[in-house]
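See below for the structure under consideration.
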Amino acid sequence: MADLQHDIPTTTEVGREDRLPDDPFPVESGAAFLERAHALLEAYPVADGYSGLPRALGPLPWYDLELGETAVDTDVPRLREGHVGALFWSLPVPEGDRGDRGGRAVRATLEQLDLVRRVVETHPEGLRLVRTAGQVIDARNCGRVAVVLGPASAAALDDSLGILRVLQSLGLRVLSLAGAAWAGAQGLTRFGEEVVREMNRLGVLADLSGAPEAALVRTLALSKTPVLCTRSAAAAVRPHPANLSDGLLARLGEQKGVCMVPLAAEQTGPSLADVAGHLDHVRAVAGPECVALSGTYDSGVAHPRDLDDASRYPHLIAELLRRGWSDTELSLLTWGNVQRALRSADFTARAAQYRRDPNPPRPADPEA
């Protein structure tokens, strides 16, 4: 990427002075792995599957992401230092608005879409809003970080496929199924199946992190495009409601879905080595074509030591190199698997959008 900068001063890290004796990057051996990590990320930057930046920027009276912003975990200098080429911006609905039938969830999502557009427009040298896999590549070639819209909450649909189509027309690429009444413990309702089919037709990817197992399994069977789990690690390594069992990971791998392991201490553990262990496990169970990264920065969660902001990705890649990951496996982890999912969704949408009725039943219809 033409304007990636390696000489930007690193930010102060909480707990840096408390490194454990078994630090994965001893001075005598870590420099070579870190140099290799930077070189690999120049060619295959990180596609980060979950950023809470809209949530973090909303309350701020002023910010400058291009010069640097200490009030958040993510800004353009740190994204460049961390070799982040694409960033999925989440559009969560406030807890009190999710069950509202008066449209507050829809309004909250539209307001966040408006905020994202304004943020990107005021930072044109660093950010570019994209809709397709091809536009992600174009943004990277121009030295910009590609901003991908989503995941948005299923509550934002207000049980309307028309609203889904409008959100997609505004650039939405990922929709979370967690918390949806039509994607529950019994699987997908008839309307839920129509939502998944319409998402395929529109090129909107399904995010299944936090969704019930039955809904996840049914969506995997039904979707003609890869699904994402934007914030899921391995339950066998660290139990957590959003982490996936080995059985689900194996099924996700069979269907060429993508498990985006979060850099969240609650899910993956308190250290960089813990995160690397989760990545090792997901690679072993689901395969190298199933695993990707999810920073979860600015989403309100605590991060593992040495992974406290978006600039720290090279250190994680260096640890994986030390553990024996090949360059090919790492290129899939950072960039290739997410690009494949986006390309697949783009292709399926082009092939399917003129082949089916865009007005299937609503939840209130019989047998929904």
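A note on labels: chains of the structure tokens are A, B, ... as shown, every chain counts residues from 1, and ligands are counted from 1 in their shown order.
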With only C-alpha atoms counted and 12 Å as the cut-off, give the residues of stretch 170-192 of chain A in contact with stretch 66-90 of chain A, each with its shortest interatomic distance in Å and the pair that gives it, as JSON lines.
{"residue": "A:Gly171", "atom": "CA", "partner": "A:Trp89", "partner_atom": "CA", "distance": 11.5}
{"residue": "A:Leu172", "atom": "CA", "partner": "A:Trp89", "partner_atom": "CA", "distance": 10.0}
{"residue": "A:Arg173", "atom": "CA", "partner": "A:Phe88", "partner_atom": "CA", "distance": 9.0}
{"residue": "A:Val174", "atom": "CA", "partner": "A:Phe88", "partner_atom": "CA", "distance": 8.6}
{"residue": "A:Leu175", "atom": "CA", "partner": "A:Ser90", "partner_atom": "CA", "distance": 9.4}
{"residue": "A:Ser176", "atom": "CA", "partner": "A:Ser90", "partner_atom": "CA", "distance": 9.6}
For C-alpha atoms, I'd like the residues from the last selection saved as a PDB file, in the first residue's frame.
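What landed in part24.pdb:
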ATOM      1  CA  GLY A 171     -24.333   0.204   1.508  1.00  0.00           C
ATOM      2  CA  LEU A 172     -25.033  -2.403   4.207  1.00  0.00           C
ATOM      3  CA  ARG A 173     -23.005  -5.592   3.624  1.00  0.00           C
ATOM      4  CA  VAL A 174     -23.418  -7.613   6.856  1.00  0.00           C
ATOM      5  CA  LEU A 175     -26.500  -8.300   8.999  1.00  0.00           C
ATOM      6  CA  SER A 176     -26.366  -9.990  12.420  1.00  0.00           C
TER       7      SER A 176
END
Can you check which residues of stretch 113-288 of chain A DSSP gives as helix (DSSP H, G or I) on the backbone and send them as an MDAnalysis selection string?
chainID A and resid 113:121 133:141 154:157 161:169 190:202 213:222 246:254 265:268 272:286 288
Write out as a VMD selection string all residues of stretch 104-207 of chain A that backbone DSSP assigns to strand (DSSP E or B).
chain A and resid 127 to 129 145 to 153 172 174 to 176 183 to 184 187 to 188 205 to 207
So which residues touch stretch 288-294 of chain A within 8 Å, counting only C-alpha atoms, skipping near sequence neighbours fewer than 6 positions away, as a PyMOL selection string?
chain A and resi 46-51+230-231+252-253+256-263+279+282+329+332-335+337-338
For A:Gly247, work out the shell of residues within 12 Å, counting only C-alpha atoms and skipping chain neighbours fewer than 3 positions away, then give it as a PyMOL selection string.
chain A and resi 213+216-217+234-236+243-244+250-254+282+285-286
Skip A:Ile163 itself and residues of its chain fewer than 5 positions away, then list as a count of residues only all residues within 12 Å of it, counting only C-alpha atoms.
19
Using only C-alpha atoms, which protein or nucleic acid residues come within 8 Å of A:Pro92? Drop anything in the same chain fewer than 6 positions from it, and give the result as an NGL selection string.
:A and (55 or 109 or 151-153)
Hey, what's within 9 Å of A:Pro212 if we count only C-alpha atoms and toss same-chain stuff fewer than 3 positions away? As a PyMOL selection string, please?
chain A and resi 178-179+183-187+208-209+215-217
For C-alpha atoms, I'd like the residues from the last selection saved as a PDB file, in the first residue's frame.
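The new file part-v6.pdb reads:
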ATOM      1  CA  ALA A 178     -28.468 -12.641  16.818  1.00  0.00           C
ATOM      2  CA  GLY A 179     -31.571 -11.698  18.795  1.00  0.00           C
ATOM      3  CA  ALA A 183     -33.774 -16.931  14.098  1.00  0.00           C
ATOM      4  CA  GLY A 184     -34.265 -18.603  17.460  1.00  0.00           C
ATOM      5  CA  ALA A 185     -33.636 -21.804  19.372  1.00  0.00           C
ATOM      6  CA  GLN A 186     -35.843 -23.759  16.949  1.00  0.00           C
ATOM      7  CA  GLY A 187     -33.940 -22.537  13.921  1.00  0.00           C
ATOM      8  CA  LEU A 208     -24.116 -15.626  13.092  1.00  0.00           C
ATOM      9  CA  SER A 209     -22.076 -14.713  16.179  1.00  0.00           C
ATOM     10  CA  ALA A 215     -30.405 -20.954  13.635  1.00  0.00           C
ATOM     11  CA  LEU A 216     -26.713 -21.121  12.807  1.00  0.00           C
ATOM     12  CA  VAL A 217     -26.978 -24.671  11.462  1.00  0.00           C
TER      13      VAL A 217
END
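Computed from the coordinates, the atom CA of A:His240 to atom CA of A:Leu321 distance equals 27.0 Å.
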Residue nearest A:Ala341 - candidates A:Ala284, A:Ala276, A:Ala206, A:Ala146, atoms counted: only C-alpha atoms
A:Ala206
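Put simply, atom CA of A:Val145 is 20.9 Å away from atom CA of A:Trp62.
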Rounded to one decimal in Å, what is the spacing between atom CA of A:Asn141 and atom CA of A:Glu121?
18.6 Å
